[in-house]
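Peer 1: See final-v7.txt below, with compact mmCIF, N, CA and C atoms.
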# COMPACT_ATOMS: atom_id res chain seq x y z
N MET A 1 119.51 149.76 112.54
CA MET A 1 119.37 151.19 112.40
C MET A 1 120.45 151.71 111.47
N THR A 2 120.12 152.72 110.74
CA THR A 2 121.08 153.27 109.80
C THR A 2 122.04 154.23 110.48
N GLU A 3 121.52 155.26 111.09
CA GLU A 3 122.38 156.28 111.69
C GLU A 3 121.77 156.73 113.02
N TRP A 4 122.56 156.66 114.08
CA TRP A 4 122.10 157.11 115.39
C TRP A 4 122.26 158.62 115.48
N THR A 5 121.22 159.29 115.95
CA THR A 5 121.28 160.73 116.20
C THR A 5 121.03 160.95 117.69
N PRO A 6 121.39 162.12 118.20
CA PRO A 6 121.13 162.39 119.63
C PRO A 6 119.66 162.28 120.00
N SER A 7 118.76 162.64 119.11
CA SER A 7 117.33 162.53 119.43
C SER A 7 116.90 161.06 119.53
N LEU A 8 117.44 160.19 118.67
CA LEU A 8 117.14 158.76 118.77
C LEU A 8 117.70 158.17 120.05
N VAL A 9 118.90 158.61 120.43
CA VAL A 9 119.52 158.15 121.68
C VAL A 9 118.66 158.59 122.86
N GLU A 10 118.17 159.82 122.81
CA GLU A 10 117.33 160.33 123.88
C GLU A 10 116.03 159.52 124.00
N GLU A 11 115.42 159.20 122.87
CA GLU A 11 114.19 158.39 122.89
C GLU A 11 114.44 157.01 123.48
N ARG A 12 115.56 156.41 123.10
CA ARG A 12 115.88 155.07 123.59
C ARG A 12 116.16 155.08 125.09
N LEU A 13 116.84 156.13 125.58
CA LEU A 13 117.09 156.25 127.02
C LEU A 13 115.79 156.46 127.78
N ALA A 14 114.88 157.25 127.23
CA ALA A 14 113.58 157.46 127.87
C ALA A 14 112.78 156.15 127.91
N GLU A 15 112.86 155.37 126.84
CA GLU A 15 112.18 154.07 126.82
C GLU A 15 112.77 153.14 127.87
N ALA A 16 114.09 153.15 128.00
CA ALA A 16 114.75 152.30 128.99
C ALA A 16 114.33 152.70 130.41
N ALA A 17 114.24 154.00 130.66
CA ALA A 17 113.81 154.46 131.98
C ALA A 17 112.37 154.05 132.26
N TYR A 18 111.52 154.11 131.23
CA TYR A 18 110.13 153.71 131.39
C TYR A 18 110.02 152.20 131.66
N VAL A 19 110.83 151.42 130.97
CA VAL A 19 110.82 149.97 131.19
C VAL A 19 111.31 149.65 132.60
N LEU A 20 112.35 150.35 133.06
CA LEU A 20 112.84 150.13 134.42
C LEU A 20 111.77 150.43 135.46
N LYS A 21 110.96 151.45 135.18
CA LYS A 21 109.90 151.82 136.12
C LYS A 21 108.80 150.76 136.14
N ARG A 22 108.55 150.10 135.00
CA ARG A 22 107.47 149.12 134.90
C ARG A 22 107.86 147.73 135.37
N LEU A 23 109.15 147.47 135.59
CA LEU A 23 109.56 146.15 136.05
C LEU A 23 109.01 145.88 137.44
N PRO A 24 108.70 144.63 137.75
CA PRO A 24 108.19 144.33 139.10
C PRO A 24 109.27 144.58 140.15
N GLU A 25 108.82 144.96 141.33
CA GLU A 25 109.75 145.24 142.41
C GLU A 25 110.40 143.95 142.87
N GLN A 26 111.66 144.08 143.30
CA GLN A 26 112.35 142.91 143.82
C GLN A 26 111.83 142.61 145.22
N GLN A 27 111.66 141.34 145.49
CA GLN A 27 111.22 140.93 146.82
C GLN A 27 112.35 140.21 147.50
N ARG A 28 112.42 140.37 148.78
CA ARG A 28 113.48 139.70 149.53
C ARG A 28 113.29 138.20 149.48
N GLN A 29 114.40 137.52 149.32
CA GLN A 29 114.36 136.06 149.29
C GLN A 29 114.20 135.53 150.71
N GLY A 30 113.39 134.52 150.86
CA GLY A 30 113.25 133.85 152.14
C GLY A 30 112.13 134.38 153.01
N TYR A 31 111.53 135.51 152.65
CA TYR A 31 110.43 136.04 153.44
C TYR A 31 109.12 135.72 152.75
N PHE A 32 108.21 135.13 153.50
CA PHE A 32 106.91 134.82 152.95
C PHE A 32 105.91 134.78 154.09
N SER A 33 104.66 134.79 153.74
CA SER A 33 103.60 134.78 154.74
C SER A 33 102.91 133.43 154.73
N THR A 34 102.65 132.92 155.90
CA THR A 34 101.92 131.65 156.01
C THR A 34 100.43 131.88 156.18
N TRP A 35 100.01 133.15 156.25
CA TRP A 35 98.61 133.47 156.37
C TRP A 35 97.91 133.22 155.04
N PRO A 36 96.67 132.78 155.08
CA PRO A 36 95.95 132.58 153.81
C PRO A 36 95.63 133.93 153.16
N GLU A 37 95.42 133.91 151.86
CA GLU A 37 95.09 135.12 151.11
C GLU A 37 93.73 135.64 151.55
N VAL A 38 93.62 136.94 151.78
CA VAL A 38 92.36 137.54 152.22
C VAL A 38 91.44 137.70 151.02
N VAL A 39 90.22 137.21 151.15
CA VAL A 39 89.22 137.33 150.10
C VAL A 39 88.25 138.42 150.52
N HIS A 40 88.18 139.49 149.71
CA HIS A 40 87.31 140.63 150.03
C HIS A 40 85.93 140.42 149.42
N ASP A 41 84.91 140.76 150.20
CA ASP A 41 83.54 140.75 149.69
C ASP A 41 83.27 142.05 148.95
N PHE A 42 82.12 142.11 148.29
CA PHE A 42 81.74 143.32 147.57
C PHE A 42 81.60 144.50 148.53
N ALA A 43 81.05 144.25 149.71
CA ALA A 43 80.85 145.32 150.69
C ALA A 43 82.19 145.88 151.16
N ASP A 44 83.21 145.05 151.21
CA ASP A 44 84.54 145.52 151.61
C ASP A 44 85.15 146.44 150.56
N LYS A 45 84.81 146.20 149.30
CA LYS A 45 85.43 146.96 148.21
C LYS A 45 84.70 148.26 147.90
N VAL A 46 83.52 148.46 148.43
CA VAL A 46 82.76 149.68 148.16
C VAL A 46 83.50 150.87 148.77
N GLY A 47 83.72 151.89 147.96
CA GLY A 47 84.39 153.10 148.43
C GLY A 47 85.90 153.06 148.31
N GLN A 48 86.46 151.94 147.95
CA GLN A 48 87.91 151.86 147.79
C GLN A 48 88.31 152.29 146.39
N GLN A 49 89.49 152.82 146.26
CA GLN A 49 90.02 153.20 144.96
C GLN A 49 90.52 151.94 144.25
N PRO A 50 90.25 151.80 142.96
CA PRO A 50 90.75 150.62 142.26
C PRO A 50 92.27 150.67 142.14
N LYS A 51 92.89 149.51 142.25
CA LYS A 51 94.34 149.44 142.09
C LYS A 51 94.69 149.56 140.61
N PRO A 52 95.70 150.37 140.29
CA PRO A 52 96.07 150.48 138.87
C PRO A 52 96.64 149.16 138.36
N MET A 53 96.27 148.85 137.12
CA MET A 53 96.75 147.61 136.52
C MET A 53 98.21 147.80 136.11
N ARG A 54 99.05 146.88 136.48
CA ARG A 54 100.48 146.98 136.17
C ARG A 54 100.77 146.10 134.95
N ILE A 55 101.19 146.75 133.87
CA ILE A 55 101.50 146.04 132.64
C ILE A 55 103.01 145.82 132.59
N LEU A 56 103.41 144.58 132.51
CA LEU A 56 104.84 144.26 132.47
C LEU A 56 105.39 144.52 131.07
N PRO A 57 106.64 144.96 130.99
CA PRO A 57 107.24 145.20 129.67
C PRO A 57 107.49 143.90 128.91
N SER A 58 107.55 144.00 127.60
CA SER A 58 107.78 142.83 126.77
C SER A 58 109.25 142.41 126.86
N PRO A 59 109.57 141.17 126.54
CA PRO A 59 110.97 140.73 126.54
C PRO A 59 111.86 141.54 125.60
N ALA A 60 111.31 141.96 124.46
CA ALA A 60 112.09 142.78 123.52
C ALA A 60 112.43 144.13 124.14
N ALA A 61 111.47 144.72 124.87
CA ALA A 61 111.72 146.01 125.52
C ALA A 61 112.77 145.86 126.62
N ILE A 62 112.74 144.75 127.32
CA ILE A 62 113.74 144.50 128.38
C ILE A 62 115.11 144.31 127.76
N SER A 63 115.20 143.63 126.63
CA SER A 63 116.49 143.45 125.94
C SER A 63 117.05 144.79 125.47
N ARG A 64 116.18 145.65 124.90
CA ARG A 64 116.64 146.98 124.49
C ARG A 64 117.09 147.81 125.69
N MET A 65 116.38 147.67 126.82
CA MET A 65 116.75 148.39 128.03
C MET A 65 118.11 147.94 128.53
N GLU A 66 118.35 146.63 128.54
CA GLU A 66 119.65 146.11 128.99
C GLU A 66 120.78 146.61 128.11
N GLU A 67 120.53 146.67 126.80
CA GLU A 67 121.54 147.20 125.88
C GLU A 67 121.81 148.68 126.16
N THR A 68 120.74 149.42 126.44
CA THR A 68 120.85 150.85 126.67
C THR A 68 121.59 151.17 127.97
N LEU A 69 121.48 150.32 128.96
CA LEU A 69 122.12 150.58 130.25
C LEU A 69 123.64 150.70 130.13
N SER A 70 124.23 150.06 129.15
CA SER A 70 125.69 150.10 129.01
C SER A 70 126.18 151.33 128.25
N TRP A 71 125.29 152.13 127.71
CA TRP A 71 125.71 153.26 126.89
C TRP A 71 126.41 154.35 127.67
N THR A 72 126.11 154.51 128.95
CA THR A 72 126.69 155.60 129.72
C THR A 72 128.06 155.26 130.30
N VAL A 73 128.52 154.03 130.08
CA VAL A 73 129.85 153.65 130.55
C VAL A 73 130.89 154.45 129.78
N GLY A 74 131.80 155.05 130.47
CA GLY A 74 132.84 155.84 129.82
C GLY A 74 132.55 157.33 129.84
N LEU A 75 131.31 157.71 130.16
CA LEU A 75 131.00 159.12 130.30
C LEU A 75 131.45 159.60 131.68
N GLU A 76 131.59 160.90 131.82
CA GLU A 76 131.88 161.44 133.15
C GLU A 76 130.67 161.15 134.05
N PRO A 77 130.91 160.89 135.34
CA PRO A 77 129.78 160.55 136.22
C PRO A 77 128.67 161.60 136.24
N VAL A 78 129.04 162.87 136.19
CA VAL A 78 128.01 163.93 136.19
C VAL A 78 127.17 163.84 134.93
N ASP A 79 127.81 163.60 133.80
CA ASP A 79 127.08 163.50 132.54
C ASP A 79 126.12 162.32 132.56
N GLY A 80 126.59 161.18 133.07
CA GLY A 80 125.72 160.01 133.17
C GLY A 80 124.53 160.25 134.07
N LYS A 81 124.76 160.97 135.17
CA LYS A 81 123.68 161.26 136.09
C LYS A 81 122.65 162.18 135.43
N ILE A 82 123.13 163.19 134.71
CA ILE A 82 122.22 164.11 134.01
C ILE A 82 121.41 163.35 132.96
N ILE A 83 122.09 162.47 132.22
CA ILE A 83 121.41 161.68 131.19
C ILE A 83 120.26 160.87 131.79
N TRP A 84 120.53 160.15 132.89
CA TRP A 84 119.49 159.29 133.45
C TRP A 84 118.41 160.08 134.17
N LEU A 85 118.76 161.18 134.82
CA LEU A 85 117.73 162.01 135.44
C LEU A 85 116.78 162.57 134.38
N ARG A 86 117.35 163.00 133.27
CA ARG A 86 116.53 163.54 132.18
C ARG A 86 115.69 162.43 131.54
N ALA A 87 116.24 161.24 131.41
CA ALA A 87 115.49 160.12 130.83
C ALA A 87 114.30 159.74 131.71
N HIS A 88 114.46 159.90 133.02
CA HIS A 88 113.37 159.59 133.95
C HIS A 88 112.34 160.71 134.02
N GLY A 89 112.56 161.79 133.25
CA GLY A 89 111.58 162.86 133.18
C GLY A 89 111.72 163.93 134.24
N GLU A 90 112.87 164.00 134.88
CA GLU A 90 113.08 165.04 135.89
C GLU A 90 113.13 166.42 135.23
N ARG A 91 112.67 167.41 135.96
CA ARG A 91 112.72 168.78 135.47
C ARG A 91 114.15 169.30 135.56
N TRP A 92 114.47 170.27 134.71
CA TRP A 92 115.83 170.81 134.69
C TRP A 92 116.20 171.45 136.02
N LYS A 93 115.24 172.06 136.69
CA LYS A 93 115.51 172.69 137.98
C LYS A 93 115.99 171.66 139.00
N THR A 94 115.34 170.52 139.04
CA THR A 94 115.73 169.45 139.95
C THR A 94 117.10 168.88 139.57
N ILE A 95 117.33 168.72 138.28
CA ILE A 95 118.63 168.21 137.82
C ILE A 95 119.74 169.17 138.21
N CYS A 96 119.52 170.45 138.03
CA CYS A 96 120.54 171.44 138.37
C CYS A 96 120.84 171.44 139.87
N TRP A 97 119.82 171.29 140.69
CA TRP A 97 120.04 171.20 142.14
C TRP A 97 120.82 169.94 142.48
N THR A 98 120.53 168.84 141.81
CA THR A 98 121.17 167.56 142.12
C THR A 98 122.65 167.57 141.75
N VAL A 99 122.98 168.07 140.57
CA VAL A 99 124.37 168.00 140.10
C VAL A 99 125.16 169.27 140.39
N GLY A 100 124.48 170.34 140.83
CA GLY A 100 125.18 171.56 141.20
C GLY A 100 125.68 172.37 140.02
N LEU A 101 124.92 172.40 138.93
CA LEU A 101 125.29 173.17 137.75
C LEU A 101 124.18 174.13 137.39
N GLN A 102 124.54 175.16 136.63
CA GLN A 102 123.51 176.05 136.10
C GLN A 102 122.77 175.35 134.97
N ARG A 103 121.62 175.89 134.61
CA ARG A 103 120.77 175.27 133.60
C ARG A 103 121.49 175.14 132.26
N SER A 104 122.20 176.19 131.84
CA SER A 104 122.86 176.15 130.53
C SER A 104 124.00 175.14 130.53
N ALA A 105 124.76 175.07 131.62
CA ALA A 105 125.87 174.11 131.70
C ALA A 105 125.35 172.68 131.74
N ALA A 106 124.28 172.45 132.51
CA ALA A 106 123.71 171.11 132.59
C ALA A 106 123.14 170.68 131.23
N HIS A 107 122.48 171.60 130.53
CA HIS A 107 121.92 171.28 129.21
C HIS A 107 123.03 170.98 128.22
N GLU A 108 124.13 171.73 128.25
CA GLU A 108 125.23 171.48 127.33
C GLU A 108 125.89 170.12 127.61
N ARG A 109 126.06 169.78 128.89
CA ARG A 109 126.63 168.48 129.23
C ARG A 109 125.71 167.34 128.80
N TRP A 110 124.39 167.54 128.95
CA TRP A 110 123.43 166.53 128.54
C TRP A 110 123.49 166.32 127.02
N LEU A 111 123.50 167.42 126.28
CA LEU A 111 123.56 167.34 124.83
C LEU A 111 124.88 166.72 124.36
N TYR A 112 125.98 167.09 125.03
CA TYR A 112 127.29 166.53 124.69
C TYR A 112 127.30 165.02 124.94
N ALA A 113 126.74 164.59 126.06
CA ALA A 113 126.71 163.16 126.37
C ALA A 113 125.88 162.39 125.34
N LEU A 114 124.74 162.95 124.92
CA LEU A 114 123.93 162.31 123.87
C LEU A 114 124.73 162.19 122.58
N CYS A 115 125.49 163.23 122.24
CA CYS A 115 126.29 163.22 121.02
C CYS A 115 127.42 162.19 121.10
N VAL A 116 128.05 162.08 122.26
CA VAL A 116 129.12 161.09 122.44
C VAL A 116 128.57 159.68 122.27
N ILE A 117 127.40 159.42 122.86
CA ILE A 117 126.77 158.10 122.72
C ILE A 117 126.43 157.83 121.26
N ALA A 118 125.90 158.83 120.56
CA ALA A 118 125.56 158.67 119.14
C ALA A 118 126.82 158.37 118.32
N PHE A 119 127.92 159.07 118.62
CA PHE A 119 129.18 158.81 117.93
C PHE A 119 129.60 157.35 118.12
N ARG A 120 129.57 156.88 119.35
CA ARG A 120 129.98 155.50 119.64
C ARG A 120 129.09 154.48 118.94
N LEU A 121 127.78 154.71 118.97
CA LEU A 121 126.85 153.77 118.35
C LEU A 121 127.01 153.73 116.83
N ASN A 122 127.43 154.82 116.25
CA ASN A 122 127.67 154.86 114.81
C ASN A 122 129.02 154.28 114.43
N GLY A 123 129.81 153.87 115.42
CA GLY A 123 131.11 153.26 115.15
C GLY A 123 132.20 154.26 114.83
N ARG A 124 131.97 155.52 115.13
CA ARG A 124 132.98 156.54 114.86
C ARG A 124 133.76 156.82 116.14
N ARG A 125 135.03 157.14 115.95
CA ARG A 125 135.88 157.48 117.09
C ARG A 125 135.77 158.98 117.34
N LEU A 126 135.75 159.33 118.60
CA LEU A 126 135.64 160.72 118.99
C LEU A 126 137.03 161.26 119.30
N ASN A 127 137.41 162.31 118.62
CA ASN A 127 138.70 162.94 118.86
C ASN A 127 138.62 163.70 120.17
N ARG A 128 139.48 163.36 121.12
CA ARG A 128 139.45 163.98 122.45
C ARG A 128 139.85 165.44 122.44
N SER A 129 140.47 165.90 121.37
CA SER A 129 140.88 167.31 121.32
C SER A 129 139.71 168.23 120.96
N TYR A 130 138.58 167.65 120.51
CA TYR A 130 137.42 168.47 120.18
C TYR A 130 136.77 169.01 121.44
N SER A 131 136.29 170.23 121.34
CA SER A 131 135.54 170.80 122.46
C SER A 131 134.13 170.22 122.46
N LYS A 132 133.41 170.47 123.55
CA LYS A 132 132.04 169.97 123.64
C LYS A 132 131.17 170.59 122.55
N ARG A 133 131.34 171.87 122.30
CA ARG A 133 130.54 172.53 121.26
C ARG A 133 130.84 171.99 119.87
N LYS A 134 132.10 171.64 119.62
CA LYS A 134 132.48 171.09 118.31
C LYS A 134 131.81 169.72 118.10
N VAL A 135 131.80 168.90 119.15
CA VAL A 135 131.15 167.58 119.06
C VAL A 135 129.66 167.74 118.81
N ILE A 136 129.04 168.70 119.50
CA ILE A 136 127.61 168.95 119.31
C ILE A 136 127.33 169.42 117.88
N GLU A 137 128.18 170.27 117.35
CA GLU A 137 128.01 170.74 115.97
C GLU A 137 128.21 169.63 114.96
N LEU A 138 129.17 168.73 115.21
CA LEU A 138 129.43 167.63 114.28
C LEU A 138 128.23 166.69 114.14
N THR A 139 127.49 166.48 115.21
CA THR A 139 126.35 165.58 115.13
C THR A 139 125.08 166.30 114.68
N GLY A 140 125.14 167.60 114.60
CA GLY A 140 123.97 168.34 114.16
C GLY A 140 122.92 168.52 115.22
N ALA A 141 123.29 168.30 116.48
CA ALA A 141 122.31 168.41 117.56
C ALA A 141 122.06 169.85 117.97
N ALA A 142 122.92 170.78 117.51
CA ALA A 142 122.76 172.18 117.89
C ALA A 142 121.54 172.81 117.23
N ARG A 143 121.01 172.19 116.19
CA ARG A 143 119.86 172.74 115.48
C ARG A 143 118.54 172.40 116.15
N ARG A 144 118.58 171.68 117.24
CA ARG A 144 117.35 171.26 117.92
C ARG A 144 116.61 172.40 118.51
Rewrite the coordinates I just gave you, this time as structure tokens.
Peer 2:
Amino acid sequence: MTEWTPSLVEERLAEAAYVLKRLPEQQRQGYFSTWPEVVHDFADKVGQQPKPMRILPSPAAISRMEETLSWTVGLEPVDGKIIWLRAHGERWKTICWTVGLQRSAAHERWLYALCVIAFRLNGRRLNRSYSKRKVIELTGAARR
């Protein structure tokens, strides 16, 4: 990639959340059934809802997801929580209730965290004396 922007970071986080959702559930080790598999007849299946087909993510998507999981290291815990809640598609109202912030403050922290991740991915150092708004302006995310 040439240049990471907050919108690209947001897309990648959303993809990682989607891949996490599509991964198969973990099963406990050591528990199994000795009963034979039940074979259903056509009459048994009449009137039942079809089970949704579960498509497993590709190995490349899993590798990108694993890389993305480390991006929130170093952020404040609240910022990381907002980032992942938003990536999972949570509504702002739910996010605000969860983290205990107003909508504008939660949105600014989310945008700031995206900008910090973009700075790091571009190999630039972030000056700690900059305010959150200054960092957002430097990456150009305020024009969104």
Peer 1: Nearest to A:Ala118: which of A:Gly47, A:Ser131, A:Thr139, A:Arg103 is it, counting all atoms listed in the file?
Peer 2: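 When distances to A:Ala118 are compared using all atoms listed in the file, the smallest one comes from A:Thr139.
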Peer 1: Rank A:Met65, A:Glu108, A:Cys115, A:Asn122 by their smallest atom-to-atom distance to A:Leu138, using only N, CA and C atoms, and report the top residue only.
Peer 2: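 Looking only at the distances to A:Leu138, the closest residue turns out to be A:Cys115.
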Peer 1: Within 9 Å of A:Arg86, counting only C-alpha atoms, which residues show up once you throw out same-chain ones fewer than 5 positions away? Write them as a ChimeraX atom specification, please.
Peer 2: /A:10,13-14,81,91-92,95,110
Peer 1: Just asking: which residues within chain A are helix (DSSP H, G or I) according to DSSP, as a PyMOL selection string?
Peer 2: chain A and resi 6-22+42-45+59-72+77-87+92-99+103-121+132-139+141-143
Peer 1: Have a look at A:Arg54, A:Arg109, A:Arg120, A:His40 and name the one nearest to A:Lys132; count all atoms listed in the file.
Peer 2: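 Selected residue with least distance to A:Lys132: A:Arg109.
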Peer 1: If I take atom CA of A:Cys96 and atom C of A:Trp84, how far is one from the other in Å, to one decimal?
Peer 2: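 Atom C of A:Trp84 lies at a distance of 12.3 Å from atom CA of A:Cys96.
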